[in-house]
$ cat entry-v8.txt   # compact mmCIF, C-alpha atoms
# COMPACT_ATOMS: atom_id res chain seq x y z
CA MET A 1403 -50.85 -7.70 27.19
CA LYS A 1404 -48.81 -6.83 24.15
CA THR A 1405 -46.42 -4.56 26.06
CA ASN A 1406 -45.68 -7.36 28.52
CA SER A 1407 -44.95 -9.80 25.74
CA ILE A 1408 -42.39 -7.35 24.34
CA ASN A 1409 -40.77 -7.11 27.75
CA ASN A 1410 -40.60 -10.89 27.93
CA LEU A 1411 -38.81 -11.26 24.61
CA ASN A 1412 -35.40 -12.87 24.80
CA PHE A 1413 -32.67 -10.51 23.56
CA SER A 1414 -29.76 -12.58 24.83
CA GLY A 1415 -28.76 -13.76 21.33
CA TYR A 1416 -28.81 -10.20 19.98
CA ASN A 1417 -26.88 -8.90 22.98
CA SER A 1418 -24.18 -11.53 22.69
CA THR A 1419 -23.79 -10.79 18.95
CA LEU A 1420 -23.48 -7.08 19.74
CA LYS A 1421 -20.94 -7.80 22.47
CA GLY A 1422 -18.99 -10.01 20.05
CA ALA A 1423 -19.00 -7.25 17.42
CA ARG A 1424 -17.81 -4.71 20.00
CA ALA A 1425 -15.04 -7.06 21.12
CA SER A 1426 -13.87 -7.58 17.53
CA ILE A 1427 -13.88 -3.79 16.93
CA ALA A 1428 -11.90 -3.38 20.17
CA LYS A 1429 -9.37 -6.01 18.98
CA LYS A 1430 -8.86 -4.10 15.73
CA PHE A 1431 -8.24 -0.83 17.58
CA ALA A 1432 -5.96 -2.60 20.08
CA LYS A 1433 -3.60 -3.53 17.21
CA ILE A 1434 -2.95 0.15 16.35
CA ASP A 1435 0.47 1.21 17.55
CA GLN A 1436 2.25 3.96 15.61
CA ILE A 1437 0.68 5.91 12.77
CA GLY A 1438 2.25 8.25 10.25
CA GLU A 1439 1.93 10.18 7.01
CA GLY A 1440 0.65 7.02 5.25
CA THR A 1441 -2.48 7.13 7.42
CA ASN A 1442 -2.94 10.81 6.62
CA ILE A 1443 -2.68 10.16 2.88
CA ALA A 1444 -5.06 7.16 3.09
CA LEU A 1445 -7.69 9.11 5.06
CA ASP A 1446 -7.46 12.06 2.68
CA PHE A 1447 -7.91 9.68 -0.27
CA ILE A 1448 -10.99 8.02 1.30
CA GLY A 1449 -12.51 11.43 2.04
CA LYS A 1450 -12.02 12.73 -1.48
CA ALA A 1451 -12.79 9.51 -3.35
CA VAL A 1452 -15.78 8.28 -1.31
CA LEU A 1453 -17.25 10.90 1.04
CA VAL A 1454 -17.27 13.91 -1.29
CA PRO A 1455 -18.95 12.14 -4.26
CA ALA A 1456 -21.51 10.59 -1.89
CA ALA A 1457 -22.24 14.01 -0.36
CA ILE A 1458 -22.56 15.59 -3.84
CA MET A 1459 -24.96 12.89 -5.06
CA VAL A 1460 -27.10 13.16 -1.92
CA ALA A 1461 -27.08 16.88 -1.14
CA SER A 1462 -26.28 18.85 -4.30
CA LYS A 1463 -29.17 20.71 -5.96
CA GLU A 1464 -27.43 20.96 -9.34
CA PRO A 1465 -28.88 19.24 -12.45
CA GLN A 1466 -28.25 15.48 -12.48
CA GLU A 1467 -25.67 15.59 -15.27
CA LYS A 1468 -23.63 18.36 -13.64
CA LYS A 1469 -23.90 16.54 -10.32
CA GLU A 1470 -22.53 13.31 -11.82
CA TYR A 1471 -19.62 15.19 -13.38
CA SER A 1472 -18.79 16.98 -10.11
CA ALA A 1473 -19.02 13.68 -8.21
CA LEU A 1474 -16.75 11.93 -10.72
CA LYS A 1475 -14.15 14.71 -10.61
CA ASN A 1476 -13.28 14.03 -6.98
CA PRO A 1477 -12.26 10.33 -7.14
CA VAL A 1478 -10.18 11.14 -10.23
CA ALA A 1479 -8.49 14.04 -8.41
CA ALA A 1480 -7.98 11.80 -5.34
CA LEU A 1481 -6.39 9.08 -7.45
CA PHE A 1482 -4.16 11.64 -9.17
CA GLN A 1483 -3.10 13.06 -5.78
CA LEU A 1484 -2.41 9.54 -4.51
CA MET A 1485 -0.27 8.75 -7.54
CA MET A 1486 1.86 11.80 -6.77
CA GLU A 1487 2.05 11.54 -2.97
CA VAL A 1488 2.69 7.79 -2.57
CA PRO A 1489 5.91 7.75 -4.67
CA ILE A 1490 7.27 10.70 -2.61
CA LEU A 1491 6.45 8.84 0.61
CA MET A 1492 7.99 5.60 -0.63
CA ALA A 1493 11.11 7.15 -2.16
CA GLY A 1494 11.70 9.36 0.89
CA SER A 1495 11.18 6.47 3.32
CA ASN A 1496 13.48 4.16 1.37
CA LEU A 1497 16.25 6.75 1.15
CA VAL A 1498 16.11 7.52 4.90
CA GLU A 1499 15.99 3.80 5.75
CA LYS A 1500 18.99 2.97 3.56
CA LEU A 1501 21.08 5.80 5.01
CA ALA A 1502 20.01 4.97 8.58
CA ASN A 1503 20.82 1.27 8.20
CA LYS A 1504 24.29 2.15 6.93
CA GLY A 1505 24.81 4.27 10.04
CA LYS A 1506 25.01 7.48 7.99
CA LEU A 1507 22.38 9.25 10.10
CA ASP A 1508 24.03 8.54 13.45
CA LYS A 1509 26.25 11.07 15.14
CA ALA A 1510 29.54 9.80 16.54
CA GLY A 1511 29.46 9.51 20.34
CA SER A 1512 25.68 9.85 20.57
CA ASP A 1513 23.46 7.01 21.80
CA PHE A 1514 20.49 8.35 19.83
CA SER A 1515 20.66 5.91 16.92
CA TYR A 1516 18.51 5.40 13.81
CA ASN A 1517 20.35 2.24 12.73
CA GLU A 1518 17.50 -0.27 13.00
CA LYS A 1519 19.36 -3.02 11.15
CA LEU A 1520 22.20 -2.99 13.68
CA PHE A 1521 19.89 -3.33 16.70
CA LYS A 1522 17.71 -5.90 14.94
CA GLU A 1523 20.69 -8.15 14.20
CA LYS A 1524 21.96 -7.69 17.74
CA PHE A 1525 18.57 -8.68 19.21
CA ILE A 1526 18.14 -11.71 16.93
CA SER A 1527 21.62 -12.96 17.78
CA ASN A 1528 20.97 -12.47 21.53
CA ILE A 1529 17.59 -14.21 21.59
CA GLU A 1530 18.73 -17.10 19.37
CA SER A 1531 21.68 -17.83 21.59
CA ALA A 1532 19.51 -17.55 24.74
CA VAL A 1533 16.99 -20.17 23.59
CA GLN A 1534 19.31 -22.57 21.76
CA ASN A 1535 19.11 -25.24 24.51
CA ASP A 1536 15.30 -25.30 24.66
CA LYS A 1537 13.88 -27.13 21.62
CA ASN A 1538 10.32 -25.67 21.84
CA LEU A 1539 11.45 -22.11 22.46
CA LYS A 1540 14.04 -22.41 19.70
CA GLU A 1541 11.34 -23.42 17.20
CA THR A 1542 8.94 -20.64 18.29
CA CYS A 1543 11.77 -18.14 18.15
CA ALA A 1544 12.76 -19.23 14.62
CA ASN A 1545 9.15 -18.67 13.45
CA LEU A 1546 9.05 -15.23 15.05
CA VAL A 1547 12.38 -14.24 13.51
CA GLU A 1548 11.01 -15.29 10.11
CA LYS A 1549 7.95 -13.09 10.70
CA LEU A 1550 10.20 -10.25 11.82
CA ASN A 1551 12.27 -10.46 8.65
CA LYS A 1552 9.14 -10.47 6.50
CA LYS A 1553 6.94 -7.87 8.18
CA GLY A 1554 9.15 -5.89 10.54
CA LEU A 1555 8.58 -5.23 14.22
CA GLY A 1556 4.93 -4.65 15.12
CA LYS A 1557 3.03 -4.44 18.39
CA ASN A 1558 1.89 -8.10 18.30
CA LEU A 1559 5.28 -9.46 17.33
CA LYS A 1560 6.92 -7.50 20.12
CA GLU A 1561 4.49 -9.05 22.62
CA GLU A 1562 5.26 -12.53 21.28
CA PHE A 1563 9.00 -11.95 21.73
CA GLU A 1564 8.30 -10.72 25.25
CA GLU A 1565 6.56 -14.04 25.96
CA ILE A 1566 9.67 -15.94 24.85
CA ILE A 1567 11.85 -13.71 27.05
CA LYS A 1568 9.61 -14.51 30.04
CA LYS A 1569 10.21 -18.23 29.45
CA SER A 1570 13.95 -17.90 28.83
CA ALA A 1571 16.71 -18.59 31.39
CA PRO A 1572 16.65 -16.07 34.31
CA SER A 1573 20.27 -15.08 33.71
CA ALA A 1574 19.49 -13.96 30.12
CA LYS A 1575 16.21 -12.15 30.80
CA ASP A 1576 17.51 -8.66 31.62
CA ALA A 1577 19.93 -8.54 28.70
CA LEU A 1578 17.20 -9.71 26.30
CA LYS A 1579 14.70 -7.16 27.62
CA LYS A 1580 17.26 -4.40 27.16
CA SER A 1581 18.12 -5.61 23.68
CA LEU A 1582 14.43 -5.74 22.61
CA LYS A 1583 13.82 -2.27 24.10
CA GLU A 1584 16.76 -0.79 22.17
CA PHE A 1585 15.61 -2.44 18.94
CA ASP A 1586 12.00 -1.26 19.42
CA GLU A 1587 13.05 2.32 20.22
CA THR A 1588 15.39 2.52 17.21
CA HIS A 1589 12.64 1.08 14.99
CA LYS A 1590 10.20 3.77 16.19
CA ARG A 1591 12.78 6.56 15.91
CA LEU A 1592 13.50 5.63 12.30
CA TYR A 1593 9.76 5.41 11.53
CA HIS A 1594 9.06 8.91 12.89
CA LEU A 1595 12.13 10.36 11.16
CA GLN A 1596 10.93 8.89 7.85
CA ASN A 1597 7.52 10.50 8.38
CA ARG A 1598 8.88 13.94 9.20
CA VAL A 1599 11.30 13.87 6.24
CA CYS A 1600 8.44 12.86 3.92
CA PHE A 1601 6.30 15.68 5.28
CA VAL A 1602 9.06 18.22 4.60
CA ALA A 1603 9.53 16.73 1.10
CA ALA A 1604 5.77 16.92 0.42
CA ILE A 1605 5.67 20.60 1.48
CA ALA A 1606 8.76 21.42 -0.61
CA LEU A 1607 7.25 19.70 -3.65
CA THR A 1608 3.77 21.24 -3.27
CA PRO A 1609 4.33 23.99 -5.91
CA ILE A 1610 5.41 21.36 -8.48
CA LEU A 1611 2.55 19.02 -7.51
CA CYS A 1612 0.01 21.87 -7.81
CA LYS A 1613 1.34 22.82 -11.26
CA ALA A 1614 1.27 19.17 -12.40
CA GLU A 1615 -2.29 18.81 -11.11
CA ASP A 1616 -3.41 22.03 -12.86
CA TYR A 1617 -1.86 20.82 -16.13
CA PHE A 1618 -2.83 17.13 -16.20
CA PHE A 1619 -6.13 17.05 -14.32
CA PRO A 1620 -8.28 18.93 -16.92
CA LYS A 1621 -6.78 16.75 -19.65
CA ILE A 1622 -7.70 13.55 -17.76
CA MET A 1623 -11.21 14.84 -17.09
CA ASN A 1624 -11.65 15.68 -20.78
CA LEU A 1625 -10.67 12.13 -21.66
CA ILE A 1626 -13.20 10.69 -19.21
CA LYS A 1627 -16.16 12.88 -20.03
CA LYS A 1628 -15.94 15.83 -22.39
CA PRO A 1629 -17.84 18.90 -21.20
CA GLN A 1630 -21.12 19.40 -23.08
CA LYS A 1631 -21.70 22.45 -25.27
CA GLN A 1632 -24.67 24.29 -23.88
CA THR A 1633 -25.69 25.84 -27.22
CA GLY A 1634 -28.44 24.19 -29.24
CA GLU A 1635 -30.33 21.08 -28.30
CA ARG A 1636 -28.78 18.59 -25.87
CA LYS A 1637 -27.86 15.41 -27.68
CA THR A 1638 -26.86 13.24 -24.73
CA ILE A 1639 -28.65 12.57 -21.46
CA SER A 1640 -27.51 11.04 -18.19
CA ILE A 1641 -28.29 7.44 -17.30
CA TYR A 1642 -30.61 8.65 -14.52
CA ASN A 1643 -32.62 10.87 -16.90
CA PHE A 1644 -32.72 8.04 -19.41
CA LYS A 1645 -34.10 5.67 -16.76
CA ALA A 1646 -36.72 8.23 -15.74
CA GLN A 1647 -37.77 8.71 -19.34
CA LEU A 1648 -37.87 4.94 -19.85
CA ALA A 1649 -40.22 4.61 -16.88
CA LYS A 1650 -42.52 7.20 -18.39
CA GLY A 1651 -42.34 5.49 -21.78
CA GLU A 1652 -40.74 8.56 -23.37
CA ALA A 1653 -37.31 7.09 -24.18
CA LYS A 1654 -36.78 5.47 -27.54
CA MET B 148 24.36 14.41 -5.33
CA ILE B 149 23.74 11.97 -2.47
CA LYS B 150 26.43 13.45 -0.17
CA PRO B 151 24.75 16.86 0.39
CA ILE B 152 21.38 15.08 0.97
CA GLU B 153 23.09 12.69 3.40
CA ASN B 154 24.70 15.58 5.31
CA GLY B 155 21.47 17.56 5.37
CA LEU B 156 19.50 14.56 6.65
CA ASN B 157 22.16 13.85 9.29
CA LYS B 158 21.98 17.43 10.56
CA PHE B 159 18.18 17.34 10.54
CA ALA B 160 17.98 13.94 12.29
CA ASN B 161 20.43 14.94 15.02
CA SER B 162 19.15 18.43 15.68
CA HIS B 163 17.94 19.01 19.24
CA ILE B 164 14.35 19.84 18.14
CA VAL B 165 13.94 16.72 15.96
CA LYS B 166 15.39 14.40 18.63
CA LYS B 167 13.11 15.89 21.30
CA HIS B 168 10.12 15.72 18.95
CA ILE B 169 10.76 12.06 18.02
CA ASN B 170 11.12 11.05 21.68
CA LYS B 171 7.85 12.76 22.51
CA CYS B 172 6.08 11.03 19.58
CA ILE B 173 7.22 7.64 20.94
CA GLU B 174 6.27 8.35 24.56
CA ASN B 175 3.02 10.25 24.08
CA LYS B 176 0.48 9.00 21.54
CA ASN B 177 -1.71 12.05 22.01
CA PHE B 178 1.21 14.25 20.95
CA LEU B 179 1.79 12.00 17.90
CA THR B 180 -1.84 12.42 16.83
CA LYS B 181 -1.67 16.19 17.26
CA THR B 182 1.55 16.24 15.20
CA LEU B 183 -0.14 14.39 12.35
CA LEU B 184 -3.11 16.73 12.61
CA VAL B 185 -0.79 19.73 12.27
CA THR B 186 1.09 18.19 9.31
CA SER B 187 -2.20 17.41 7.55
CA VAL B 188 -3.60 20.91 8.10
CA SER B 189 -0.34 22.66 7.20
CA LYS B 190 -0.22 20.86 3.84
CA ASP B 191 -3.72 22.20 3.09
CA VAL B 192 -2.89 25.71 4.29
CA PHE B 193 0.28 25.77 2.20
CA ALA B 194 -1.63 24.61 -0.89
CA TYR B 195 -4.29 27.32 -0.39
CA ALA B 196 -1.63 30.00 0.21
CA LEU B 197 0.04 28.94 -3.01
CA ARG B 198 -3.29 29.17 -4.83
CA VAL B 199 -3.82 32.72 -3.52
CA HIS B 200 -0.29 33.66 -4.62
CA ASN B 201 -0.85 32.14 -8.09
CA THR B 202 -4.17 33.95 -8.47
CA MET B 203 -2.61 37.30 -7.64
CA LYS B 204 0.19 36.66 -10.17
CA ASN B 205 -2.17 35.38 -12.88
CA ASP B 206 -2.62 38.11 -15.52
CA GLU B 207 -5.36 36.16 -17.29
CA ILE B 208 -7.78 36.95 -14.44
CA PRO B 209 -9.29 40.46 -14.82
CA LYS B 210 -7.95 42.92 -12.24
CA ASP B 211 -11.35 43.61 -10.64
CA LYS B 212 -11.96 39.88 -10.07
CA LYS B 213 -8.44 38.97 -8.94
CA SER B 214 -8.77 40.09 -5.36
CA PHE B 215 -12.21 38.51 -5.06
CA VAL B 216 -10.97 35.08 -6.28
CA ALA B 217 -7.95 35.31 -3.97
CA LYS B 218 -10.20 36.28 -1.06
CA MET B 219 -12.42 33.25 -1.69
CA ASP B 220 -9.40 30.91 -1.70
CA ALA B 221 -8.01 32.50 1.45
CA THR B 222 -11.37 32.18 3.22
CA THR B 223 -11.72 28.52 2.26
CA GLY B 224 -8.15 27.80 3.40
CA PHE B 225 -8.70 29.59 6.68
CA THR B 226 -12.03 27.79 7.29
CA THR B 227 -10.43 24.42 6.46
CA ALA B 228 -7.62 25.00 8.94
CA ILE B 229 -9.78 26.27 11.80
CA VAL B 230 -12.49 23.60 11.47
CA GLN B 231 -9.97 20.74 11.13
CA VAL B 232 -7.86 21.85 14.07
CA GLY B 233 -10.95 22.50 16.20
CA THR B 234 -12.48 19.08 15.46
CA GLY B 235 -9.15 17.29 15.86
CA LEU B 236 -8.37 18.90 19.20
CA ALA B 237 -11.89 18.30 20.50
CA LEU B 238 -11.60 14.62 19.60
CA ALA B 239 -8.11 14.43 21.12
CA SER B 240 -9.50 15.47 24.50
CA GLU B 241 -9.40 12.71 27.11
CA LYS B 242 -12.98 13.33 28.26
CA VAL B 243 -14.44 13.00 24.74
CA GLN B 244 -12.38 9.88 24.06
CA LYS B 245 -13.47 8.24 27.33
CA THR B 246 -17.14 8.84 26.51
CA ILE B 247 -16.77 7.44 22.98
CA CYS B 248 -14.85 4.38 24.26
CA LYS B 249 -17.52 3.71 26.91
CA HIS B 250 -20.19 3.59 24.21
CA LEU B 251 -18.19 1.84 21.53
CA PHE B 252 -16.73 -0.89 23.76
CA LYS B 253 -19.79 -1.24 26.03
CA GLY B 254 -19.84 -4.60 27.78
CA LEU B 255 -16.06 -4.96 27.93
CA ASP B 256 -14.35 -4.75 31.31
CA GLU B 257 -12.85 -1.25 31.58
CA ASN B 258 -9.87 -2.58 33.52
CA SER B 259 -9.09 -5.32 30.99
CA LYS B 260 -5.95 -5.19 28.83
CA LEU B 261 -8.05 -5.29 25.64
CA TYR B 262 -10.16 -2.27 26.69
CA LYS B 263 -7.06 -0.24 27.59
CA GLN B 264 -5.25 -1.13 24.35
CA ALA B 265 -8.36 -0.48 22.23
CA SER B 266 -8.92 2.90 23.91
CA SER B 267 -5.31 3.84 23.25
CA GLY B 268 -5.59 2.79 19.58
CA LEU B 269 -8.85 4.65 19.12
CA GLY B 270 -7.32 7.73 20.74
CA VAL B 271 -4.57 7.75 18.11
CA VAL B 272 -6.81 7.55 15.02
CA LEU B 273 -10.02 9.27 16.17
CA PRO B 274 -8.81 12.92 15.95
CA LEU B 275 -7.33 12.27 12.51
CA VAL B 276 -10.43 10.51 11.19
CA GLY B 277 -12.63 13.27 12.62
CA ALA B 278 -10.51 16.08 11.20
CA THR B 279 -9.69 14.57 7.79
CA LEU B 280 -12.98 12.87 7.00
CA PHE B 281 -15.75 14.57 8.99
CA ALA B 282 -14.41 18.14 9.36
CA LYS B 283 -12.59 18.57 6.06
CA ARG B 284 -15.04 16.77 3.80
CA ILE B 285 -18.42 17.42 5.44
CA LEU B 286 -18.22 20.38 7.86
CA VAL B 287 -15.97 22.64 5.75
CA PRO B 288 -18.18 22.53 2.60
CA LEU B 289 -21.24 23.19 4.80
CA ILE B 290 -19.59 26.21 6.43
CA SER B 291 -17.67 27.63 3.47
CA SER B 292 -20.63 27.58 1.01
CA PRO B 293 -22.64 30.26 2.89
CA ILE B 294 -19.44 32.28 3.43
CA ALA B 295 -18.68 32.09 -0.30
CA GLY B 296 -22.28 33.11 -1.08
CA TYR B 297 -22.01 36.09 1.29
CA LEU B 298 -18.70 37.21 -0.24
CA GLU B 299 -20.09 36.82 -3.76
CA ASN B 300 -23.18 38.91 -2.94
CA LYS B 301 -21.00 41.58 -1.35
CA HIS B 302 -18.73 41.59 -4.40
CA ASN B 303 -21.70 41.88 -6.80
CA LYS B 304 -23.18 44.76 -4.77
CA ASN B 305 -19.84 46.60 -4.83
CA GLN B 306 -19.56 46.06 -8.60
CA ASN B 307 -23.08 47.44 -9.13
CA THR B 308 -22.33 50.50 -6.96
CA VAL B 309 -19.16 51.21 -8.96
CA GLN B 310 -21.04 50.86 -12.29
CA ASN B 311 -23.89 53.18 -11.17
$ encode --input "entry-v8.txt" --output "structure tokens"
Amino acid sequence: MKTNSINNLNFSGYNSTLKGARASIAKKFAKIDQIGEGTNIALDFIGKAVLVPAAIMVASKEPQEKKEYSALKNPVAALFQLMMEVPILMAGSNLVEKLANKGKLDKAGSDFSYNEKLFKEKFISNIESAVQNDKNLKETCANLVEKLNKKGLGKNLKEEFEEIIKKSAPSAKDALKKSLKEFDETHKRLYHLQNRVCFVAAIALTPILCKAEDYFFPKIMNLIKKPQKQTGERKTISIYNFKAQLAKGEAK
Amino acid sequence: MIKPIENGLNKFANSHIVKKHINKCIENKNFLTKTLLVTSVSKDVFAYALRVHNTMKNDEIPKDKKSFVAKMDATTGFTTAIVQVGTGLALASEKVQKTICKHLFKGLDENSKLYKQASSGLGVVLPLVGATLFAKRILVPLISSPIAGYLENKHNKNQNTVQN
């Protein structure tokens, strides 16, 4: 019977592909460690630039031309917002990082430090001296230090350093673990401080940003697509109307 | 110029509240996500509050329409905040996250390191994605349009009553 033949079908290939896809999604999520204002800004941009126009084009009952204009307005506004928010985030982060790495944000006598550079150098010096007698470990460590200098401390890199510590001499293990922990904590402290400072800066600058948006945004939209005068006969039509007319043989 | 900023930042960074807050963000990822949810919503609320303030101060808007326009902005701001916080907190709940992880990572061993790390990563971004993308961009327009329509009808009725 037909129903039996469906039951006998082999889905093992499909299932293994699905399992593979799920595993790769899981691996991507597993890499996420700390998130901050950058993620917020990126998600807001995606929402405004992609989701809103898509929703307008699918669900709006306005005439096609008005719909296209409304849909276009959002990515432009999102891009404009991005161009204002990203420089604040970058400038704020850089300023806090510079001050922190000079020790200007640390309080004398307190062990709550934001000086990432200090703890990074301390850790690199400790781990390099601990592995200097093992040729393989020394080479792996040099590669990791290069990665660290290029990309900064991430979840994966931290795990790779932990692997080296496991293989290092027993007498050095505890000191290295402590040194990595201090470096990681200072790195995270600085990251969260940067995010909170940028948030405060963004709130403080909101009135200026709103005024700039109100002033520049209509001008940009006028450059992209000037609003049509509704009096008299319409001289231009949208690409969708033109296509529809073409199909009916009405367009010239 | 840089010295007062430096001093201000030093005071801010070493205040008891900020230190406690930063430590909690490092230790508890759920708290970090909720913090980012609050910062995202508060930026929106502040922008809407500013819009209401600007409308009330704007003399180009006729007096009879001023309060209506301000009311519309306030309603949209309020709806945005409530819907985003509600969605974000619902998605930050452990029960909801466990159910989503079970479906999304079906077939993976729940005790494996990968499953645990992936669940933790998903838990950090899910409330934000839900609040910023789904709630703010899809749910809010769906909810605020009928509210705006209701307010507009009410306003028009009031205007007609005054004219008659």
$ residues_around --input "entry-v8.txt" --residues "stretch 229-235 of chain B" --least-positions-apart "2" --cutoff "7 Å" --atoms "all atoms listed in the file" --output "list of chain:residue names"
B:Leu184, B:Phe225, B:Thr226, B:Thr227, B:Ala237, B:Leu238, B:Ala239, B:Pro274, B:Leu275, B:Gly277, B:Ala278, B:Ala282, B:Lys283, B:Val287
$ interface_residues --input "entry-v8.txt" --of "chain B" --to "chain A" --cutoff "6 Å" --atoms "only C-alpha atoms" --output "list of chain:residue names"
B:Asn157, B:Phe252, B:Gln264, B:Ala265, B:Gly268, B:Leu269, B:Leu280
$ closest_residue --input "entry-v8.txt" --among "A:Val1547, A:Leu1474, A:Met1485, A:Lys1560" --to "A:Ser1527" --atoms "all atoms listed in the file"
A:Val1547
$ closest_residue --input "entry-v8.txt" --among "A:Lys1469, A:Glu1584, A:Glu1541, A:Ala1571" --to "A:Leu1520" --atoms "all atoms listed in the file"
A:Glu1584
$ atom_distance --input "entry-v8.txt" --atom1 "atom CA of A:Asn1535" --atom2 "atom CA of A:Glu1523"
20.0 Å
$ axis_aligned_box --input "entry-v8.txt" --around "stretch 1471-1489 of chain A" --padding-each-side "6 Å" --output "JSON"
{"center_x": -6.9, "center_y": 12.4, "center_z": -8.0, "size_x": 37.5, "size_y": 21.2, "size_z": 22.8}
$ closest_residue --input "entry-v8.txt" --among "A:Ala1479, A:Asp1586, A:Lys1613, A:Asn1624" --to "B:Arg198" --atoms "all atoms listed in the file"
A:Lys1613
$ closest_residue --input "entry-v8.txt" --among "A:Glu1487, A:Cys1543, A:Thr1588, A:Phe1618" --to "B:Asn170" --atoms "only C-alpha atoms"
A:Thr1588
$ atom_distance --input "entry-v8.txt" --atom1 "atom CA of A:Ser1462" --atom2 "atom CA of B:Gly296"
15.2 Å
$ closest_residue --input "entry-v8.txt" --among "B:Asn177, B:Lys301, B:Glu153, B:Lys212" --to "A:Lys1504" --atoms "all atoms listed in the file"
B:Glu153
$ atom_distance --input "entry-v8.txt" --atom1 "atom CA of A:Ile1458" --atom2 "atom CA of B:Ile294"
18.5 Å
$ residues_around --input "entry-v8.txt" --residues "B:Ala221" --least-positions-apart "4" --cutoff "12 Å" --atoms "all atoms listed in the file" --output "list in words"
Asp191, Val192, Phe193, Ala194, Tyr195, Ala196, Leu197, Arg198, Val199, His200, Asn201, Thr202, Met203, Ser214, Phe215, Val216, Ala217, Phe225, Thr226, Thr227, Ala228, Ser291, Ile294, Ala295 and Leu298 of chain B
$ closest_residue --input "entry-v8.txt" --among "B:Lys166, B:Phe159, B:Pro288, B:Cys248" --to "B:Leu261" --atoms "only C-alpha atoms"
B:Cys248
$ residues_near_point --input "entry-v8.txt" --point "(23.8, -17.8, 26.5)" --cutoff "7 Å" --atoms "all atoms listed in the file" --output "number ranges by chain"
A: 1531-1532, 1574
$ write_last_selection --input "entry-v8.txt" --atoms "C-alpha atoms" --output "short mmCIF file (atom, residue, chain, number, x, y, z; two decimals), in the coordinates of the input"
data_model
loop_
_atom_site.label_atom_id
_atom_site.label_comp_id
_atom_site.auth_asym_id
_atom_site.auth_seq_id
_atom_site.Cartn_x
_atom_site.Cartn_y
_atom_site.Cartn_z
CA SER A 1531 21.68 -17.83 21.59
CA ALA A 1532 19.51 -17.55 24.74
CA ALA A 1574 19.49 -13.96 30.12
#
$ residues_around --input "entry-v8.txt" --residues "A:Ala1451" --least-positions-apart "5" --cutoff "8 Å" --atoms "all atoms listed in the file" --output "number ranges by chain"
A: 1476-1478, 1480-1481
$ residues_around --input "entry-v8.txt" --residues "A:Phe1585" --least-positions-apart "6" --cutoff "7 Å" --atoms "all atoms listed in the file" --output "PyMOL selection string"
chain A and resi 1518+1521-1522+1525
$ residues_around --input "entry-v8.txt" --residues "A:Leu1546" --least-positions-apart "6" --cutoff "10 Å" --atoms "all atoms listed in the file" --output "short mmCIF file (atom, residue, chain, number, x, y, z; two decimals) with C-alpha atoms, keeping the file's coordinate frame"
data_model
loop_
_atom_site.label_atom_id
_atom_site.label_comp_id
_atom_site.auth_asym_id
_atom_site.auth_seq_id
_atom_site.Cartn_x
_atom_site.Cartn_y
_atom_site.Cartn_z
CA ILE A 1526 18.14 -11.71 16.93
CA LYS A 1540 14.04 -22.41 19.70
CA LYS A 1552 9.14 -10.47 6.50
CA LEU A 1559 5.28 -9.46 17.33
CA LYS A 1560 6.92 -7.50 20.12
CA GLU A 1562 5.26 -12.53 21.28
CA PHE A 1563 9.00 -11.95 21.73
CA ILE A 1566 9.67 -15.94 24.85
#
$ decode --input "entry-v8.txt" --residues "stretch 297-306 of chain B" --atoms "N, CA and C atoms" --output "mmCIF file, in the first residue's frame"
data_model
loop_
_atom_site.group_PDB
_atom_site.id
_atom_site.type_symbol
_atom_site.label_atom_id
_atom_site.label_comp_id
_atom_site.auth_asym_id
_atom_site.auth_seq_id
_atom_site.Cartn_x
_atom_site.Cartn_y
_atom_site.Cartn_z
ATOM 1 N N TYR B 297 -8.179 54.484 17.325
ATOM 2 C CA TYR B 297 -9.174 54.750 18.377
ATOM 3 C C TYR B 297 -9.042 56.192 18.872
ATOM 4 N N LEU B 298 -7.780 56.605 19.126
ATOM 5 C CA LEU B 298 -7.550 57.968 19.634
ATOM 6 C C LEU B 298 -7.967 59.019 18.599
ATOM 7 N N GLU B 299 -7.688 58.715 17.326
ATOM 8 C CA GLU B 299 -8.021 59.648 16.252
ATOM 9 C C GLU B 299 -9.541 59.807 16.149
ATOM 10 N N ASN B 300 -10.255 58.678 16.200
ATOM 11 C CA ASN B 300 -11.724 58.721 16.139
ATOM 12 C C ASN B 300 -12.289 59.530 17.286
ATOM 13 N N LYS B 301 -11.731 59.280 18.484
ATOM 14 C CA LYS B 301 -12.187 59.983 19.684
ATOM 15 C C LYS B 301 -11.953 61.493 19.531
ATOM 16 N N HIS B 302 -10.781 61.824 19.007
ATOM 17 C CA HIS B 302 -10.414 63.222 18.805
ATOM 18 C C HIS B 302 -11.371 63.882 17.808
ATOM 19 N N ASN B 303 -11.643 63.174 16.675
ATOM 20 C CA ASN B 303 -12.540 63.721 15.662
ATOM 21 C C ASN B 303 -13.948 63.936 16.228
ATOM 22 N N LYS B 304 -14.423 62.957 17.024
ATOM 23 C CA LYS B 304 -15.756 63.080 17.630
ATOM 24 C C LYS B 304 -15.824 64.305 18.533
ATOM 25 N N ASN B 305 -14.776 64.472 19.357
ATOM 26 C CA ASN B 305 -14.718 65.630 20.270
ATOM 27 C C ASN B 305 -14.734 66.937 19.495
ATOM 28 N N GLN B 306 -13.964 66.976 18.383
ATOM 29 C CA GLN B 306 -13.893 68.178 17.554
ATOM 30 C C GLN B 306 -15.277 68.511 16.997
#
